[in-house]
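> JSON, C-alpha atoms, saved as work_10.json, coming up:
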[["chain", "number", "residue", "atom", "x", "y", "z"],
["A", 1, "MET", "CA", -179.42, -112.83, 131.46],
["A", 2, "ASN", "CA", -176.75, -111.20, 133.61],
["A", 3, "ILE", "CA", -173.80, -109.65, 131.76],
["A", 4, "GLN", "CA", -170.53, -109.03, 133.58],
["A", 5, "ILE", "CA", -167.46, -107.35, 132.07],
["A", 6, "GLU", "CA", -164.00, -108.14, 133.45],
["A", 7, "ASN", "CA", -161.49, -105.56, 132.17],
["A", 8, "ASN", "CA", -158.38, -107.20, 133.70],
["A", 9, "GLY", "CA", -156.53, -103.89, 133.91],
["A", 10, "VAL", "CA", -157.55, -102.82, 130.41],
["A", 11, "HIS", "CA", -159.01, -99.31, 130.22],
["A", 12, "VAL", "CA", -162.15, -98.99, 128.10],
["A", 13, "ASP", "CA", -164.67, -96.18, 128.15],
["A", 14, "GLU", "CA", -168.34, -96.41, 129.10],
["A", 15, "ARG", "CA", -169.46, -96.25, 125.46],
["A", 16, "PHE", "CA", -167.58, -99.46, 124.74],
["A", 17, "ASP", "CA", -169.17, -101.12, 127.78],
["A", 18, "GLU", "CA", -172.57, -100.09, 126.40],
["A", 19, "GLN", "CA", -171.66, -101.50, 122.98],
["A", 20, "ILE", "CA", -170.69, -104.79, 124.61],
["A", 21, "MET", "CA", -174.02, -104.97, 126.45],
["A", 22, "THR", "CA", -176.01, -104.19, 123.31],
["A", 23, "LYS", "CA", -174.16, -106.66, 121.09],
["A", 24, "LEU", "CA", -174.26, -109.47, 123.65],
["A", 25, "GLY", "CA", -177.98, -109.00, 124.17],
["A", 26, "SER", "CA", -178.45, -110.36, 120.65],
["A", 27, "LEU", "CA", -177.15, -113.78, 121.76],
["A", 28, "GLU", "CA", -180.49, -114.50, 123.44],
["A", 29, "ARG", "CA", -181.98, -114.87, 119.95],
["A", 30, "TYR", "CA", -179.89, -118.02, 119.49],
["A", 31, "TYR", "CA", -180.56, -119.59, 122.90],
["A", 32, "ASP", "CA", -183.02, -118.05, 125.32],
["A", 33, "HIS", "CA", -181.92, -119.93, 128.46],
["A", 34, "ILE", "CA", -178.67, -118.06, 129.05],
["A", 35, "ILE", "CA", -178.17, -117.51, 132.77],
["A", 36, "ASP", "CA", -174.92, -115.50, 132.90],
["A", 37, "LEU", "CA", -172.54, -114.08, 130.36],
["A", 38, "ILE", "CA", -169.04, -112.98, 131.36],
["A", 39, "VAL", "CA", -166.76, -110.99, 129.06],
["A", 40, "TYR", "CA", -163.01, -111.01, 129.72],
["A", 41, "LEU", "CA", -160.87, -108.35, 128.00],
["A", 42, "HIS", "CA", -157.13, -109.01, 127.69],
["A", 43, "GLU", "CA", -154.37, -107.03, 126.01],
["A", 44, "GLU", "CA", -151.09, -108.68, 125.05],
["A", 45, "HIS", "CA", -148.61, -106.46, 123.19],
["A", 46, "GLN", "CA", -150.49, -105.36, 120.05],
["A", 47, "ASN", "CA", -153.18, -108.06, 120.24],
["A", 48, "LYS", "CA", -156.55, -107.50, 121.84],
["A", 49, "GLU", "CA", -158.33, -110.59, 123.13],
["A", 50, "VAL", "CA", -161.96, -111.12, 124.09],
["A", 51, "GLU", "CA", -163.18, -114.22, 125.92],
["A", 52, "LEU", "CA", -166.86, -114.99, 126.29],
["A", 53, "LYS", "CA", -168.10, -117.37, 128.96],
["A", 54, "VAL", "CA", -171.77, -118.24, 128.62],
["A", 55, "ILE", "CA", -173.40, -120.11, 131.47],
["A", 56, "VAL", "CA", -176.51, -122.06, 130.56],
["A", 57, "LYS", "CA", -178.41, -124.64, 132.55],
["A", 58, "ASP", "CA", -176.12, -127.63, 133.19],
["A", 59, "ASP", "CA", -173.27, -126.35, 130.97],
["A", 60, "THR", "CA", -170.77, -123.58, 130.25],
["A", 61, "LEU", "CA", -169.68, -122.47, 126.77],
["A", 62, "PHE", "CA", -166.39, -120.67, 126.04],
["A", 63, "VAL", "CA", -165.10, -118.67, 123.09],
["A", 64, "LYS", "CA", -161.79, -116.80, 122.81],
["A", 65, "GLU", "CA", -160.89, -114.55, 119.86],
["A", 66, "LYS", "CA", -158.10, -112.08, 119.06],
["A", 67, "GLY", "CA", -158.17, -108.98, 116.91],
["A", 68, "GLU", "CA", -156.44, -105.72, 116.09],
["A", 69, "SER", "CA", -158.96, -103.92, 118.29],
["A", 70, "PHE", "CA", -161.33, -104.94, 121.06],
["A", 71, "LEU", "CA", -164.28, -104.20, 118.79],
["A", 72, "ASN", "CA", -162.97, -106.58, 116.10],
["A", 73, "ALA", "CA", -162.26, -109.29, 118.67],
["A", 74, "LEU", "CA", -165.71, -108.76, 120.21],
["A", 75, "GLU", "CA", -167.48, -109.08, 116.85],
["A", 76, "THR", "CA", -165.57, -112.26, 115.99],
["A", 77, "SER", "CA", -166.20, -113.79, 119.40],
["A", 78, "ILE", "CA", -169.92, -113.03, 119.16],
["A", 79, "GLN", "CA", -170.10, -114.71, 115.74],
["A", 80, "SER", "CA", -168.29, -117.76, 117.15],
["A", 81, "MET", "CA", -170.61, -117.88, 120.15],
["A", 82, "GLN", "CA", -173.67, -117.66, 117.91],
["A", 83, "ILE", "CA", -172.49, -120.82, 116.15],
["A", 84, "ARG", "CA", -171.75, -122.55, 119.47],
["A", 85, "LEU", "CA", -175.19, -121.64, 120.84],
["A", 86, "LYS", "CA", -176.95, -122.92, 117.69],
["A", 87, "LYS", "CA", -175.11, -126.25, 117.94],
["A", 88, "TYR", "CA", -175.79, -126.47, 121.68],
["A", 89, "LYS", "CA", -179.49, -125.79, 121.12],
["A", 90, "GLU", "CA", -179.69, -128.47, 118.43],
["A", 91, "LYS", "CA", -177.91, -130.94, 120.71],
["A", 92, "THR", "CA", -180.22, -130.28, 123.64],
["A", 93, "LEU", "CA", -183.32, -130.53, 121.45],
["A", 94, "LYS", "CA", -182.19, -133.95, 120.19],
["A", 95, "ASN", "CA", -181.86, -135.19, 123.76],
["A", 96, "ILE", "CA", -185.44, -134.28, 124.66]]
Translate this file's structure into structure tokens.

Amino acid sequence: MNIQIENNGVHVDERFDEQIMTKLGSLERYYDHIIDLIVYLHEEHQNKEVELKVIVKDDTLFVKEKGESFLNALETSIQSMQIRLKKYKEKTLKNI
């Protein structure tokens, strides 16, 4: 799984990048055929926004969450993506 972080002009330190990589690595437990994972960080006024784009074979899954901090938004987006991946896995298993 390739992980790419797009800061979009937002300044984050290397420790946060490492946290992102570690936390996103856990998504492979929910679906082990993830090809690419792209994280987009956005900042609008006081809101921090994290978008996750997960590319799997024959499909792309998106999640977008806001929070008071990037860490909060990241945690929420990971939880949402875990649910999406579980549903996607169940759907693909039914089609086999």
> As a PyMOL selection string, please: the residues near Arg29 of chain A (cut-off 12 Å, only C-alpha atoms, same-chain neighbours under 4 positions excluded).
chain A and resi 1+23-25+33-34+81-83+85-86+89
> Give me the residues near Phe70 of chain A as a PDB file with C-alpha atoms, in the frame of the given file, where near means some atom within 6 Å (using all atoms listed in the file) and where sequence neighbours in that chain fewer than 3 positions away do not count.

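selection.pdb, written as the output of this step:
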ATOM      1  CA  LYS A  48    -156.550-107.500 121.840  1.00  0.00           C
ATOM      2  CA  ALA A  73    -162.260-109.290 118.670  1.00  0.00           C
ATOM      3  CA  LEU A  74    -165.710-108.760 120.210  1.00  0.00           C
TER       4      LEU A  74
END
> Counting all atoms listed in the file, which of A:Glu6, A:Ser26, A:Arg84, A:Leu93 gets nearest to Val50 of chain A?
A:Glu6
> Given the choices A:Ile5, A:Phe16, A:Asp58, A:Thr76, which gets closest to Leu37 of chain A if the distance is worked out from only C-alpha atoms?
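Closest to Leu37 of chain A, using only C-alpha atoms: A:Ile5.
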> Which residues, protein or nucleic acid, reach to within 12 Å of (-152.7, -112.0, 122.1) in the file's coordinates when using all atoms listed in the file, and can you give that as a compact mmCIF listing (two decimals) with C-alpha atoms, keeping the file's coordinate frame?

# COMPACT_ATOMS: atom_id res chain seq x y z
CA LEU A 41 -160.87 -108.35 128.00
CA HIS A 42 -157.13 -109.01 127.69
CA GLU A 43 -154.37 -107.03 126.01
CA GLU A 44 -151.09 -108.68 125.05
CA HIS A 45 -148.61 -106.46 123.19
CA GLN A 46 -150.49 -105.36 120.05
CA ASN A 47 -153.18 -108.06 120.24
CA LYS A 48 -156.55 -107.50 121.84
CA GLU A 49 -158.33 -110.59 123.13
CA VAL A 50 -161.96 -111.12 124.09
CA GLU A 51 -163.18 -114.22 125.92
CA LYS A 64 -161.79 -116.80 122.81
CA GLU A 65 -160.89 -114.55 119.86
CA LYS A 66 -158.10 -112.08 119.06
CA GLY A 67 -158.17 -108.98 116.91
CA GLU A 68 -156.44 -105.72 116.09
CA SER A 69 -158.96 -103.92 118.29
CA PHE A 70 -161.33 -104.94 121.06
CA ALA A 73 -162.26 -109.29 118.67
> Enter the distance from atom CA of Asn2 of chain A to atom CA of Thr22 of chain A, in Å, rounded to one decimal.
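The value is 12.5 Å.
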> Choose the residue, out of A:Leu27, A:Val10, A:Ile35, A:Met21, that has the smallest atom-to-atom separation from Asp59 of chain A; count only C-alpha atoms.
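Checking each candidate against Asp59 of chain A, we get A:Ile35 as the closest.
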> With 3 Å of padding per side, what axis-aligned box (centre and edge lengths, Å, one decimal) covers all the listed atoms of segment 24-40 of chain A? Give it as AutoDock Vina command-line options.

--center_x -173.0 --center_y -114.5 --center_z 126.2 --size_x 26.0 --size_y 16.9 --size_z 19.4
> Choose the residue, out of A:Lys53, A:Asp32, A:Ile78, A:Leu61, that has the smallest atom-to-atom separation from Ile20 of chain A; count only C-alpha atoms.
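Smallest distance to Ile20 of chain A is found for A:Ile78.
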> With distances taken over only C-alpha atoms, which of A:Val54, A:Glu28, A:Asn8, A:Asn72 is nearest to Tyr40 of chain A?
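Closest candidate: A:Asn8.
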